[in-house]
Each structure stands twice: as C-alpha cells, then as structure tokens.
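Colleague: Next comes the structure file model.txt, holding compact mmCIF, C-alpha atoms.
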# COMPACT_ATOMS: atom_id res chain seq x y z
CA MET H 1 3.69 -16.27 6.66
CA LEU H 2 2.26 -14.13 3.88
CA ALA H 3 4.08 -10.93 2.96
CA LEU H 4 2.49 -7.53 2.51
CA ASP H 5 1.47 -7.11 -1.13
CA HIS H 6 0.21 -3.55 -1.45
CA ILE H 7 -1.37 -0.55 0.22
CA PRO H 8 -4.22 1.28 -1.56
CA PHE H 9 -4.90 5.03 -1.30
CA GLN H 10 -8.30 6.41 -2.32
CA ALA H 11 -8.60 10.04 -3.40
CA PRO H 12 -11.20 12.23 -5.11
CA ASP H 13 -8.39 13.88 -7.13
CA LEU H 14 -6.17 11.18 -8.68
CA PRO H 15 -3.75 13.58 -10.46
CA ALA H 16 -3.12 15.42 -7.18
CA LEU H 17 -2.45 12.12 -5.37
CA ALA H 18 -0.04 11.02 -8.10
CA ALA H 19 1.76 14.38 -7.85
CA ALA H 20 2.16 13.93 -4.08
CA PHE H 21 3.85 10.55 -4.58
CA ALA H 22 6.10 12.06 -7.25
CA ALA H 23 7.09 14.81 -4.78
CA LEU H 24 8.21 12.04 -2.41
CA GLY H 25 10.53 10.73 -5.14
CA PHE H 26 8.45 7.82 -6.42
CA THR H 27 7.95 6.89 -10.06
CA VAL H 28 4.20 6.78 -10.73
CA SER H 29 2.86 4.63 -13.55
CA PRO H 30 0.72 6.00 -16.38
CA PRO H 31 -3.06 5.84 -15.86
CA SER H 32 -4.79 2.47 -15.78
CA PHE H 33 -8.19 1.28 -14.58
CA TYR H 34 -9.88 -1.70 -12.97
CA THR H 35 -12.89 -3.62 -14.16
CA SER H 36 -14.54 -6.60 -12.51
CA PRO H 37 -15.88 -9.80 -14.07
CA ASP H 38 -18.30 -9.79 -11.13
CA ASP H 39 -19.68 -6.33 -11.99
CA PRO H 40 -19.61 -5.53 -15.74
CA THR H 41 -20.61 -1.89 -15.12
CA ALA H 42 -17.76 -1.14 -12.70
CA ARG H 43 -14.67 0.91 -13.55
CA TRP H 44 -12.12 2.42 -11.15
CA ASN H 45 -9.38 4.72 -12.49
CA ASN H 46 -5.98 4.30 -10.87
CA ARG H 47 -2.22 4.70 -11.09
CA CYS H 48 0.44 2.54 -9.44
CA VAL H 49 3.78 2.80 -7.67
CA PHE H 50 5.55 -0.53 -8.25
CA LEU H 51 8.42 -1.56 -5.95
CA GLN H 52 10.64 -4.63 -6.01
CA ARG H 53 8.56 -5.90 -3.10
CA GLY H 54 5.03 -4.63 -2.84
CA TRP H 55 3.36 -1.60 -4.40
CA PHE H 56 1.00 1.30 -3.78
CA ASP H 57 -2.35 1.45 -5.57
CA LEU H 58 -3.55 5.04 -6.16
CA LEU H 59 -7.29 4.94 -6.74
CA GLN H 60 -9.73 7.60 -7.84
CA ALA H 61 -12.72 7.60 -5.49
CA PRO H 62 -15.01 10.63 -6.05
CA GLY H 63 -16.68 10.25 -2.65
CA ALA H 64 -13.48 9.81 -0.63
CA PRO H 65 -12.33 12.45 1.89
CA PRO H 66 -9.93 15.05 0.46
CA ALA H 67 -7.29 14.17 3.09
CA VAL H 68 -5.85 10.86 1.89
CA GLY H 69 -4.22 8.11 3.92
CA PRO H 70 -3.72 4.37 3.51
CA ALA H 71 -7.11 2.73 3.02
CA SER H 72 -6.22 -0.87 3.94
CA VAL H 73 -3.42 -3.43 3.70
CA LEU H 74 -3.42 -6.46 1.39
CA PHE H 75 -1.32 -9.60 1.81
CA LEU H 76 -0.22 -11.77 -1.12
CA THR H 77 -1.16 -15.44 -1.34
CA ALA H 78 -0.59 -18.02 -4.05
CA ASP H 79 -3.80 -19.84 -3.04
CA LEU H 80 -6.61 -17.60 -1.83
CA ASP H 81 -8.96 -20.41 -0.87
CA ALA H 82 -6.34 -22.27 1.15
CA THR H 83 -5.28 -19.12 3.00
CA ALA H 84 -8.89 -18.20 3.74
CA ALA H 85 -9.29 -21.63 5.33
CA GLU H 86 -6.07 -21.16 7.37
CA LEU H 87 -7.55 -18.03 8.94
CA GLY H 88 -10.04 -20.28 10.67
CA ASP H 89 -12.58 -18.41 12.76
CA LEU H 90 -11.63 -14.95 11.47
CA ARG H 91 -14.67 -13.81 9.53
CA GLN H 92 -14.28 -12.90 5.86
CA LEU H 93 -16.33 -11.23 3.15
CA PRO H 94 -17.03 -13.13 -0.12
CA ALA H 95 -14.22 -13.25 -2.67
CA TYR H 96 -14.34 -10.93 -5.67
CA ARG H 97 -12.27 -10.37 -8.82
CA LEU H 98 -10.61 -7.34 -10.41
CA VAL H 99 -8.75 -6.88 -13.69
CA ARG H 100 -6.26 -4.04 -14.17
CA ARG H 101 -6.28 -2.65 -17.71
CA TRP H 102 -4.12 -0.21 -19.65
CA GLU H 103 -4.96 1.76 -22.76
CA ASP H 104 -1.97 0.39 -24.71
CA ARG H 105 -0.83 -2.73 -22.82
CA PRO H 106 -2.17 -6.20 -22.09
CA ALA H 107 -4.35 -6.46 -18.99
CA HIS H 108 -3.08 -8.07 -15.81
CA GLN H 109 -4.58 -11.49 -15.16
CA PRO H 110 -7.54 -11.27 -12.74
CA PHE H 111 -6.85 -10.47 -9.11
CA ARG H 112 -8.88 -12.40 -6.52
CA LEU H 113 -9.46 -10.74 -3.17
CA ILE H 114 -11.03 -11.44 0.20
CA SER H 115 -11.44 -8.82 2.94
CA ILE H 116 -11.12 -9.89 6.58
CA ARG H 117 -14.04 -8.61 8.65
CA GLU H 118 -12.29 -8.76 12.02
CA ARG H 119 -10.43 -5.58 12.97
CA ILE H 120 -6.82 -6.75 13.39
CA SER H 121 -5.03 -3.40 13.07
CA PRO H 122 -6.28 0.19 12.81
CA LEU H 123 -6.56 -0.45 9.04
CA GLY H 124 -8.59 -3.26 7.55
CA LEU H 125 -6.68 -6.25 6.16
CA ALA H 126 -7.35 -8.33 3.08
CA LEU H 127 -5.91 -11.21 1.04
CA ILE H 128 -5.06 -11.00 -2.65
CA GLU H 129 -4.06 -13.67 -5.17
CA HIS H 130 -2.28 -12.59 -8.35
CA ALA H 131 0.86 -13.07 -10.43
CA ASP H 132 3.93 -11.65 -8.70
CA PRO H 133 5.79 -9.59 -9.78
CA CYS H 134 3.06 -7.68 -11.61
CA VAL H 135 3.64 -8.85 -15.17
CA ASP H 136 1.77 -5.93 -16.73
CA ALA H 137 4.25 -3.35 -15.36
CA LEU H 138 7.21 -2.06 -17.38
CA PRO H 139 10.72 -2.39 -15.85
CA ASP H 140 11.23 1.39 -15.84
CA TRP H 141 8.29 1.78 -13.44
CA PHE H 142 10.23 -0.08 -10.72
CA ALA H 143 13.08 2.48 -10.68
CA HIS H 144 12.54 5.36 -8.23
CA PRO H 145 14.60 8.52 -7.72
CA ASN H 146 14.16 8.03 -3.95
CA ALA H 147 15.76 4.54 -4.19
CA ALA H 148 12.62 2.81 -2.82
CA ILE H 149 12.61 -0.98 -3.04
CA GLU H 150 9.92 -2.26 -0.65
CA ALA H 151 6.57 -1.32 0.83
CA ALA H 152 7.60 -2.53 4.29
CA GLY H 153 4.67 -1.75 6.59
CA LEU H 154 2.96 0.96 8.62
CA ILE H 155 3.34 2.91 11.85
CA PHE H 156 0.26 3.70 13.95
CA ALA H 157 0.16 6.41 16.61
CA GLY H 158 -1.62 5.89 19.91
CA ALA H 159 -3.03 2.48 18.95
CA GLN H 160 -2.52 -1.18 19.74
CA PRO H 161 -3.08 -4.38 17.75
CA SER H 162 -6.47 -5.93 18.38
CA PRO H 163 -7.09 -9.21 20.24
CA PHE H 164 -7.43 -10.88 16.82
CA ALA H 165 -3.83 -10.01 15.83
CA PRO H 166 -2.19 -13.16 17.28
CA ALA H 167 -4.50 -15.43 15.27
CA ALA H 168 -3.97 -13.41 12.09
CA GLY H 169 -0.22 -13.28 12.74
CA ARG H 170 0.03 -17.05 12.38
CA VAL H 171 -0.85 -16.58 8.69
CA LEU H 172 0.02 -12.95 7.84
CA ASP H 173 3.42 -11.33 8.43
CA LEU H 174 2.45 -8.42 10.69
CA GLY H 175 6.08 -7.67 11.58
CA GLY H 176 6.03 -4.52 9.46
CA PHE H 177 3.40 -2.93 11.72
CA GLU H 178 4.72 -0.63 14.46
CA TYR H 179 2.74 1.05 17.25
CA TRP H 180 4.19 4.30 18.60
CA GLU H 181 3.36 6.59 21.47
CA PRO H 182 1.68 9.79 20.18
CA ALA H 183 4.47 12.10 21.37
CA ALA H 184 7.18 10.17 19.54
CA PHE H 185 5.02 10.02 16.43
CA ARG H 186 4.37 13.78 16.47
CA HIS H 187 8.09 14.47 16.86
CA ALA H 188 8.82 12.40 13.75
CA PHE H 189 5.90 13.33 11.49
CA GLY H 190 4.32 16.49 12.88
CA GLU H 191 0.78 17.26 13.95
CA GLY H 192 -2.48 16.11 12.42
CA VAL H 193 -1.59 12.59 11.24
CA ASP H 194 -1.80 9.25 13.03
CA CYS H 195 -0.38 6.82 10.46
CA ALA H 196 2.87 6.55 8.49
CA VAL H 197 3.98 4.29 5.64
CA ARG H 198 7.28 2.42 6.02
CA VAL H 199 9.44 2.18 2.88
CA ARG H 200 12.76 0.35 2.55
CA VAL H 201 15.28 2.11 0.31
CA ARG H 202 18.77 1.44 -1.03
CA SER H 203 20.14 4.82 0.05
CA LEU H 204 18.80 7.43 2.45
CA GLU H 205 21.06 9.98 0.77
CA ALA H 206 19.29 9.31 -2.52
CA THR H 207 15.94 9.51 -0.76
CA ARG H 208 16.65 12.91 0.76
CA SER H 209 17.95 14.23 -2.57
CA ALA H 210 14.78 13.09 -4.36
CA LEU H 211 12.34 14.78 -1.99
CA ALA H 212 10.64 17.99 -3.07
CA ALA H 213 12.47 20.94 -1.50
CA ASP H 214 9.49 22.11 0.57
CA LEU H 215 8.93 18.82 2.41
CA ALA H 216 9.81 18.66 6.12
CA ALA H 217 12.07 15.73 7.00
CA VAL H 218 13.59 14.51 10.28
CA GLN H 219 16.48 12.02 10.15
CA SER H 220 17.68 9.97 13.12
CA SER H 221 18.98 6.46 13.82
CA GLY H 222 19.04 5.45 10.17
CA ARG H 223 15.47 6.60 9.54
CA LEU H 224 14.16 9.52 7.49
CA HIS H 225 10.72 10.70 8.61
CA VAL H 226 8.83 12.86 6.12
CA ALA H 227 5.60 14.83 6.39
CA ALA H 228 3.94 13.97 3.09
CA PRO H 229 2.51 16.69 0.82
CA SER H 230 -1.20 17.34 0.36
CA PRO H 231 -3.54 15.62 -0.33
CA LEU H 232 -1.70 12.88 1.60
CA ASN H 233 -2.58 12.89 5.29
CA CYS H 234 0.06 10.46 6.54
CA GLY H 235 3.79 10.32 7.16
CA PHE H 236 6.46 8.32 5.35
CA GLN H 237 9.36 6.58 7.06
CA PHE H 238 12.27 5.69 4.77
CA PHE H 239 15.02 3.35 5.98
CA GLU H 240 17.93 1.61 4.32
CA ALA H 241 17.99 -2.05 3.34
Let me see the file written as structure tokens.

Modeller:
Amino acid sequence: MLALDHIPFQAPDLPALAAAFAALGFTVSPPSFYTSPDDPTARWNNRCVFLQRGWFDLLQAPGAPPAVGPASVLFLTADLDATAAELGDLRQLPAYRLVRRWEDRPAHQPFRLISIRERISPLGLALIEHADPCVDALPDWFAHPNAAIEAAGLIFAGAQPSPFAPAAGRVLDLGGFEYWEPAAFRHAFGEGVDCAVRVRVRSLEATRSALAADLAAVQSSGRLHVAAPSPLNCGFQFFEA
C-alpha cells in the first residue's frame, strides 16, 4: 500500500504559518515557490517542513481562511498512472504538474498529482508522483529540535471513514488515520478544533523541550498532545518511534 507523502496547509499569511511550525519545534525551510508547466502564469509561494518520512507543505493562499488546518492528504506513488488505474471506480480529477523552485538552488523535478473526487476521509485525498526523498532539500532541513522523523497521519474528532474507505484502503495506507470521540479529543487538544496531525519523533523529552513555553501540552500513554499556536487551528500528537 502507498504511504502518506505529505500534508499541505494553506494560509493567507505564510510567515505567520512558518512561525507557528517553528514554535512547535520544527525546522522550516527557506522560501520557495511552485510553478506549473500546465499553467505558465501560476505561482504559489511556499515553505516546507521535511521529515525523514513525509513532509508538510506550507502554502500561501491569499483567499484562505485565517484559521489554518490540514488542507488534504497526499500519498506517494512511483507510477501515478498505474495507481490511478488500481483505484478502479473511485473517481479522479485530471492529472496536473507542479515544479518547486528555489531562488538559489536547482528546482525539484516535476511533481505529478491526481486528486480523488470521492470523499474517503474528512479531508480530501490525492496521489503524487515525485523523487523521494526530496532531492532539492538540504540535509540540515531534515533535523528538527522536536526530534520529528515522520508525518504519520491524522486524528479526526466526531467523524467516521466514508463507505469508500475500504476500496481506497486496498491501495492507500490509511492506518495513520484515527477517529476519536469528541470528548476524548477535547481532553487532549482543547476546544475549537476537530483535527490533529500525528508526528512520530525520536524522543518525547526532546519534543517537550523544543515547544514554545506558552503552548499547552498534555502527555499520557506515550503521547504528547499539543494545542498548536495561531494561525494553526488543529492539534498535534507527538509519539515516539
């Protein structure tokens, strides 16, 4: 089954979003931007959080809501066309291409993506084909004060997987998705959010030490649950490898 590749976040204020990830103890890359061979006029500014497995894509989106949560989930494939065929009757949007560029570094080879139209989880899912690990990223960008090593999945409050999940789960590894009762979720992450990002780390002690001092955190059963700083509107669950 295909592993989770990355989770994008779309924000009207990219510097504020990057600062929120830094407050959680992540190393955030310098600015980059996307262009598309399919739309020569397009440009999307972004920054990245690269992990040993998976990454977070921080995107500037002027029209996005000020409260920022995960926008979707993308799964990595070595052959986009073959995987699209494996999904069978699950409807898909046409494939498109993106290129990530840096001011002073070579561009990443083109990404190819397909979004799945069927609602499988509370967030939309997509497929992405690209070189892995990301060859345009510097080694220092993979080292995080919070000891993060993997973008492991998501937790959803008061929701259930859709009837399409079993079919998608034959191709995509949905094991990183958890569905919690609202009361348990509120106890862990506080009020006002309904989604949390799961992150595997080497050391919870290092994670706690790397958090900004004003962040609320609840630790139990080998998990550290953190209410993320504004403009993020989601929780973060850190757990040891």

Colleague: With distances taken over all atoms listed in the file, which of H:Pro139, H:Gly54, H:Gly158, H:Pro163 is nearest to Pro182 of chain H?

Modeller: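 Of H:Pro139, H:Gly54, H:Gly158, H:Pro163, the one nearest Pro182 of chain H, counting all atoms listed in the file, is H:Gly158.
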
Colleague: Smallest atom-to-atom distance to Gly153 of chain H: which of H:Glu86, H:Arg100, H:Asp5, H:Arg43, using all atoms listed in the file?

Modeller: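 The closest residue to Gly153 of chain H is H:Asp5.
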
Colleague: How many Å lie between atom CA of His108 of chain H and atom CA of Tyr34 of chain H, rounded to one decimal?

Modeller: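 These two atoms are separated by 9.7 Å.
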
Colleague: Hey, what's within 9 Å of Asp38 of chain H if we count only C-alpha atoms and toss same-chain stuff fewer than 5 positions away? As a PyMOL selection string, please?

Modeller: chain H and resi 96-98

Colleague: Could you state the separation of atom CA of Glu150 of chain H and atom CA of Leu93 of chain H in Å, given to one decimal place?

Modeller: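 Spanning atom CA of Glu150 of chain H to atom CA of Leu93 of chain H is a straight-line distance of 28.0 Å.
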
Colleague: From the list H:Leu215, H:Ala67, H:Ala151, H:Leu58, which residue is nearest Phe177 of chain H when using all atoms listed in the file?

Modeller: H:Ala151

Colleague: Tell me which protein, DNA and RNA residues are within 12 Å of Arg200 of chain H, counting all atoms listed in the file, leaving out same-chain ones fewer than 5 positions away, and put them as a PDB file with C-alpha atoms, keeping the file's coordinate frame.

Modeller:
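Done, and the output landed in around_11.pdb:
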ATOM      1  CA  LEU H  51       8.420  -1.560  -5.950  1.00  0.00           C
ATOM      2  CA  GLN H  52      10.640  -4.630  -6.010  1.00  0.00           C
ATOM      3  CA  ARG H  53       8.560  -5.900  -3.100  1.00  0.00           C
ATOM      4  CA  GLY H  54       5.030  -4.630  -2.840  1.00  0.00           C
ATOM      5  CA  TRP H  55       3.360  -1.600  -4.400  1.00  0.00           C
ATOM      6  CA  HIS H 144      12.540   5.360  -8.230  1.00  0.00           C
ATOM      7  CA  ASN H 146      14.160   8.030  -3.950  1.00  0.00           C
ATOM      8  CA  ALA H 147      15.760   4.540  -4.190  1.00  0.00           C
ATOM      9  CA  ALA H 148      12.620   2.810  -2.820  1.00  0.00           C
ATOM     10  CA  ILE H 149      12.610  -0.980  -3.040  1.00  0.00           C
ATOM     11  CA  GLU H 150       9.920  -2.260  -0.650  1.00  0.00           C
ATOM     12  CA  ALA H 151       6.570  -1.320   0.830  1.00  0.00           C
ATOM     13  CA  ALA H 152       7.600  -2.530   4.290  1.00  0.00           C
ATOM     14  CA  GLY H 153       4.670  -1.750   6.590  1.00  0.00           C
ATOM     15  CA  LEU H 154       2.960   0.960   8.620  1.00  0.00           C
ATOM     16  CA  GLY H 176       6.030  -4.520   9.460  1.00  0.00           C
ATOM     17  CA  THR H 207      15.940   9.510  -0.760  1.00  0.00           C
ATOM     18  CA  GLY H 222      19.040   5.450  10.170  1.00  0.00           C
ATOM     19  CA  ARG H 223      15.470   6.600   9.540  1.00  0.00           C
ATOM     20  CA  LEU H 224      14.160   9.520   7.490  1.00  0.00           C
ATOM     21  CA  PHE H 236       6.460   8.320   5.350  1.00  0.00           C
ATOM     22  CA  GLN H 237       9.360   6.580   7.060  1.00  0.00           C
ATOM     23  CA  PHE H 238      12.270   5.690   4.770  1.00  0.00           C
ATOM     24  CA  PHE H 239      15.020   3.350   5.980  1.00  0.00           C
ATOM     25  CA  GLU H 240      17.930   1.610   4.320  1.00  0.00           C
ATOM     26  CA  ALA H 241      17.990  -2.050   3.340  1.00  0.00           C
TER      27      ALA H 241
END

Colleague: Can you work out the spacing between atom CA of Leu123 of chain H and atom CA of Ser72 of chain H in Å, to one decimal?

Modeller: 5.1 Å

Colleague: Show me the residues close to (9.9, 21.9, 4.6) - anything with an atom within 12 Å, counting all atoms listed in the file - and format the list as a ChimeraX atom specification.

Modeller: /H:189-190,208,211-218,225-229

Colleague: Would you mind exporting C-alpha atoms of the selected residues as a short mmCIF file (atom, residue, chain, number, x, y, z; two decimals), in the coordinates of the input?

Modeller:
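What landed in result.cif:
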data_model
loop_
_atom_site.label_atom_id
_atom_site.label_comp_id
_atom_site.auth_asym_id
_atom_site.auth_seq_id
_atom_site.Cartn_x
_atom_site.Cartn_y
_atom_site.Cartn_z
CA PHE H 189 5.90 13.33 11.49
CA GLY H 190 4.32 16.49 12.88
CA ARG H 208 16.65 12.91 0.76
CA LEU H 211 12.34 14.78 -1.99
CA ALA H 212 10.64 17.99 -3.07
CA ALA H 213 12.47 20.94 -1.50
CA ASP H 214 9.49 22.11 0.57
CA LEU H 215 8.93 18.82 2.41
CA ALA H 216 9.81 18.66 6.12
CA ALA H 217 12.07 15.73 7.00
CA VAL H 218 13.59 14.51 10.28
CA HIS H 225 10.72 10.70 8.61
CA VAL H 226 8.83 12.86 6.12
CA ALA H 227 5.60 14.83 6.39
CA ALA H 228 3.94 13.97 3.09
CA PRO H 229 2.51 16.69 0.82
#

Colleague: Nearest to Val68 of chain H: which of H:Gln10, H:Leu90, H:Asp104, H:Arg186 is it, counting all atoms listed in the file?

Modeller: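 Residue with the minimum atom-to-atom distance to Val68 of chain H: H:Gln10.
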
Colleague: Can you tell me, as JSON, the centre and edge lengths (Å, one decimal) of the axis-aligned box enclosing all of segment 57-63 of chain H's listed atoms after padding each side by 3 Å?

Modeller:
{"center_x": -9.5, "center_y": 6.0, "center_z": -5.2, "size_x": 20.3, "size_y": 15.2, "size_z": 11.2}

Colleague: Find the residues with any atom within 7 Å of (1.2, 10.7, 10.0); use all atoms listed in the file and the coordinates as given in the file, and write the answer as a list in words.

Modeller: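 Checked against the point, the hits come out as Phe189, Gly192, Val193, Asp194, Cys195, Ala196, Asn233, Cys234 and Gly235 of chain H.
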
Colleague: Print the selection's residues with C-alpha atoms to a file, as a PDB file, in the coordinates of the input.

Modeller:
ATOM      1  CA  PHE H 189       5.900  13.330  11.490  1.00  0.00           C
ATOM      2  CA  GLY H 192      -2.480  16.110  12.420  1.00  0.00           C
ATOM      3  CA  VAL H 193      -1.590  12.590  11.240  1.00  0.00           C
ATOM      4  CA  ASP H 194      -1.800   9.250  13.030  1.00  0.00           C
ATOM      5  CA  CYS H 195      -0.380   6.820  10.460  1.00  0.00           C
ATOM      6  CA  ALA H 196       2.870   6.550   8.490  1.00  0.00           C
ATOM      7  CA  ASN H 233      -2.580  12.890   5.290  1.00  0.00           C
ATOM      8  CA  CYS H 234       0.060  10.460   6.540  1.00  0.00           C
ATOM      9  CA  GLY H 235       3.790  10.320   7.160  1.00  0.00           C
TER      10      GLY H 235
END

Colleague: Nearest to Phe50 of chain H: which of H:Gly69, H:Pro106, H:Pro8, H:Pro166 is it, counting only C-alpha atoms?

Modeller: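 So, comparing all the options, the nearest one is H:Pro8.
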
Colleague: From the options H:Leu113, H:Cys48, H:Ala19, H:Met1, which residue's atoms come nearest to Ala167 of chain H, counting only C-alpha atoms?

Modeller: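 Looking only at the distances to Ala167 of chain H, the closest residue turns out to be H:Met1.
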
Colleague: Quick one: residues within 10 Å of Arg112 of chain H, all atoms listed in the file counted, chain neighbours fewer than 3 positions away excluded, as a count of residues only?

Modeller: 14

Colleague: Can you list, as JSON, numbers by chain, every protein, DNA or RNA residue that comes within 10 Å of Arg105 of chain H when you count only C-alpha atoms, leaving out same-chain residues fewer than 5 positions away?

Modeller: {"H": [32, 136, 137, 138]}
